[in-house]
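J.: Once you've had a glance at the structure underneath, I'll fire off some questions.
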Amino acid sequence: MASRGVASYNEPDHKPPSKASLPTEFVRGFRLLLKDAMGAMDAASGKRLGNCIGVYAFYDYDAEPIYVGQTWLKFRDRIGRHLTGQRSDTLAYRILDPFEVAELEFWPTEHLRNDPDKQAKLNAIEYSVYRRAIDQSKYRAILNEKIPPVSEFVELPPSYRFNLIPEDLREDREHPDVRIARRAETLARVSAVAHERGEVSAGLRRVIVIQAVRLADLAAARLAYAEGRARPSPKAIDVHALVGNVLEESSADDVADD
């Protein structure tokens with residue numbers, strides 16, 4: 001029986017569709033919300049956020065922080081590389097799954113663009129955001145392969161946080177069975193990179209453990225729900241015992257270079 005979906009291989013000759021119409025409804029909605037976020041104004045600089053530099057963080061469907069980065073590129077360029085399939089280390093190593101990203105937060109730092117000490121100051125902001133993410137995380141760990149350079153705590157500039165998930169499509173996307181399968185696939189891919197390359201950073205191996213913890217926690221929560229039990233505490237898994245202190249100063253190959 002022929003497919004009843006819209007597919008070029010089972011239709012007669014026709015005018016090629018526009019590229020914009022090819023992605024799924026979810027992807028189109030996600031990209032529209034991302035575009036709106038990039039188009040929002042930074043009150044401090046008067047520039048659109050997509051044209052600003054600074055620090056950013058991604059959050060999953062449970063508002064759990066999953067990744068922190070910094071950029072001297074425009075946010076539009078750097079974050080676009082993360083979320084739209086263009087090459088970046090986090091995608092090349094399959095560390096960050098764009099499927100998991102439900103929210104995005106910006107800390108624009110346009111005031112540092114021409115500062116002679118801009119790199120040290122941006123590092124300090126990134127480290128402060130990283131520590132904040134660790135404090136907010138129920139696992140006390142996030143999926144950064146490279147720990148930001150250890151710096152003094154600084155007062156953070158105002159941030160802007162945006163939802164990236166179309167509300168009418170959210171239920172199917174955030175279903176725990178979907179996310180369990182996706183996390184298992186991501187874990188397998190990252191593990192395959194470690195196997196194939198062999199000589200990978202300790203940070204990448206740490207990410208494998210943290211992703212396994214995230215998978216185990218969600219799978220256990222789903223089991224408990226199916227059995228009518230309360231969700232197990234994330235503290236049932238001692239992440240610190242498994243990966244060590246993610247706040248300690250790291251070796252040179254683990255220091256962030258975003």
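To be explicit about the labels: the chains of the structure tokens are called A, B, and onward in the order shown, and within each one the residues are counted from 1, while ligands get numbers from 1 in the order they are shown.
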Residues at most 8 Å from stretch 65-77 of chain A, counting only C-alpha atoms, excluding those fewer than 6 positions away in the same chain, as an NGL selection string?

T.: :A and (38 or 49-59 or 96 or 122-123 or 126 or 129-130 or 133-134 or 136-137 or 142-144 or 258)

J.: Would you write out those residues with C-alpha atoms, as a PDB file, in the first residue's frame?

T.:
ATOM      1  CA  MET A  38      17.138  36.261  18.331  1.00  0.00           C
ATOM      2  CA  LEU A  49      20.049  39.594  20.899  1.00  0.00           C
ATOM      3  CA  GLY A  50      21.026  37.616  17.826  1.00  0.00           C
ATOM      4  CA  ASN A  51      23.675  40.239  17.048  1.00  0.00           C
ATOM      5  CA  CYS A  52      25.101  40.333  20.576  1.00  0.00           C
ATOM      6  CA  ILE A  53      28.045  38.485  22.125  1.00  0.00           C
ATOM      7  CA  GLY A  54      27.987  36.858  25.546  1.00  0.00           C
ATOM      8  CA  VAL A  55      27.057  33.723  27.465  1.00  0.00           C
ATOM      9  CA  TYR A  56      24.152  31.369  26.845  1.00  0.00           C
ATOM     10  CA  ALA A  57      22.536  28.330  28.437  1.00  0.00           C
ATOM     11  CA  PHE A  58      20.210  25.581  27.233  1.00  0.00           C
ATOM     12  CA  TYR A  59      17.495  23.916  29.332  1.00  0.00           C
ATOM     13  CA  LEU A  96      24.320  18.080  22.904  1.00  0.00           C
ATOM     14  CA  LEU A 122      33.701  36.971  29.666  1.00  0.00           C
ATOM     15  CA  ASN A 123      35.319  33.872  31.180  1.00  0.00           C
ATOM     16  CA  GLU A 126      30.612  32.156  31.830  1.00  0.00           C
ATOM     17  CA  VAL A 129      26.644  31.098  34.834  1.00  0.00           C
ATOM     18  CA  TYR A 130      28.123  27.584  34.858  1.00  0.00           C
ATOM     19  CA  ALA A 133      23.600  26.013  36.366  1.00  0.00           C
ATOM     20  CA  ILE A 134      25.313  23.427  38.573  1.00  0.00           C
ATOM     21  CA  GLN A 136      20.143  24.663  39.742  1.00  0.00           C
ATOM     22  CA  SER A 137      20.717  21.146  38.421  1.00  0.00           C
ATOM     23  CA  ILE A 142      25.522  19.454  33.195  1.00  0.00           C
ATOM     24  CA  LEU A 143      26.601  18.225  29.772  1.00  0.00           C
ATOM     25  CA  ASN A 144      29.622  20.464  29.204  1.00  0.00           C
ATOM     26  CA  ASP A 258      33.950  28.290  22.807  1.00  0.00           C
TER      27      ASP A 258
END

J.: Excluding stretch 178-180 of chain A and any residue of its chain fewer than 6 positions from it, enumerate the residues within 10 Å of it, using only C-alpha atoms, and give them as a list in words.

T.: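 Selected residues are Tyr61, Phe99, Glu100, Asp172, Thr186, Arg214, Leu215, Ala216, Asp217, Leu218, Ala219 and Arg222 of chain A.
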
J.: Need the shell around stretch 205-213 of chain A: protein/DNA/RNA residues with any atom at most 8 Å away, counting only C-alpha atoms. Skip same-chain ones fewer than 4 positions apart. Format as a PyMOL selection string?

T.: chain A and resi 95+141-145+183-184+187+190-191+194+200-201+217+237+239+242-243

J.: Can you pull out every residue from stretch 188-245 of chain A that DSSP, working from the backbone, puts in alpha helix (DSSP H), and format the result as a ChimeraX atom specification?

T.: /A:188-197,202-226,239-243

J.: Please produce a file of the residues just selected, as an mmCIF file, in the first residue's frame, where the atoms kept are C-alpha atoms.

T.:
data_model
loop_
_atom_site.group_PDB
_atom_site.id
_atom_site.type_symbol
_atom_site.label_atom_id
_atom_site.label_comp_id
_atom_site.auth_asym_id
_atom_site.auth_seq_id
_atom_site.Cartn_x
_atom_site.Cartn_y
_atom_site.Cartn_z
ATOM 1 C CA ALA A 188 25.088 5.343 22.396
ATOM 2 C CA ARG A 189 26.412 7.891 19.913
ATOM 3 C CA VAL A 190 28.698 9.636 22.397
ATOM 4 C CA SER A 191 29.969 6.267 23.598
ATOM 5 C CA ALA A 192 30.633 5.255 19.991
ATOM 6 C CA VAL A 193 32.747 8.407 19.516
ATOM 7 C CA ALA A 194 34.829 7.442 22.568
ATOM 8 C CA HIS A 195 35.198 3.904 21.221
ATOM 9 C CA GLU A 196 36.083 4.951 17.676
ATOM 10 C CA ARG A 197 38.525 7.690 18.618
ATOM 11 C CA ALA A 202 38.228 13.040 30.294
ATOM 12 C CA GLY A 203 35.471 15.606 29.829
ATOM 13 C CA LEU A 204 33.877 13.565 27.067
ATOM 14 C CA ARG A 205 33.927 10.471 29.267
ATOM 15 C CA ARG A 206 32.379 12.534 32.058
ATOM 16 C CA VAL A 207 29.584 13.541 29.679
ATOM 17 C CA ILE A 208 28.905 9.854 28.984
ATOM 18 C CA VAL A 209 28.373 9.249 32.708
ATOM 19 C CA ILE A 210 26.164 12.324 33.139
ATOM 20 C CA GLN A 211 24.051 11.385 30.127
ATOM 21 C CA ALA A 212 23.705 7.862 31.556
ATOM 22 C CA VAL A 213 22.538 9.376 34.860
ATOM 23 C CA ARG A 214 19.981 11.541 33.035
ATOM 24 C CA LEU A 215 18.734 8.464 31.179
ATOM 25 C CA ALA A 216 18.537 6.315 34.324
ATOM 26 C CA ASP A 217 16.716 9.011 36.291
ATOM 27 C CA LEU A 218 14.039 9.557 33.636
ATOM 28 C CA ALA A 219 13.610 5.822 33.029
ATOM 29 C CA ALA A 220 13.244 5.225 36.785
ATOM 30 C CA ALA A 221 10.684 8.020 37.007
ATOM 31 C CA ARG A 222 8.700 6.450 34.190
ATOM 32 C CA LEU A 223 8.793 3.032 35.865
ATOM 33 C CA ALA A 224 7.647 4.511 39.173
ATOM 34 C CA TYR A 225 4.769 6.273 37.431
ATOM 35 C CA ALA A 226 3.710 3.039 35.705
ATOM 36 C CA VAL A 239 26.659 11.799 40.695
ATOM 37 C CA HIS A 240 29.539 13.297 42.649
ATOM 38 C CA ALA A 241 30.812 9.808 43.459
ATOM 39 C CA LEU A 242 30.576 8.856 39.784
ATOM 40 C CA VAL A 243 32.168 11.874 38.095
#

J.: A:Pro108, A:Tyr127, A:Pro16, A:Lys138: which is nearest A:Pro234, counting only C-alpha atoms?

T.: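 Between A:Pro108, A:Tyr127, A:Pro16, A:Lys138, the residue approaching A:Pro234 most closely is A:Lys138.
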
J.: Quick check, in Å to one decimal: how far apart do atom CA of A:Arg48 and atom CA of A:Pro116 lie?

T.: 23.5 Å

J.: In Å, rounded to a single decimal, give me how far atom CA of A:Pro157 is from atom CA of A:Trp107.

T.: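 Distance between the two atoms: 6.1 Å.
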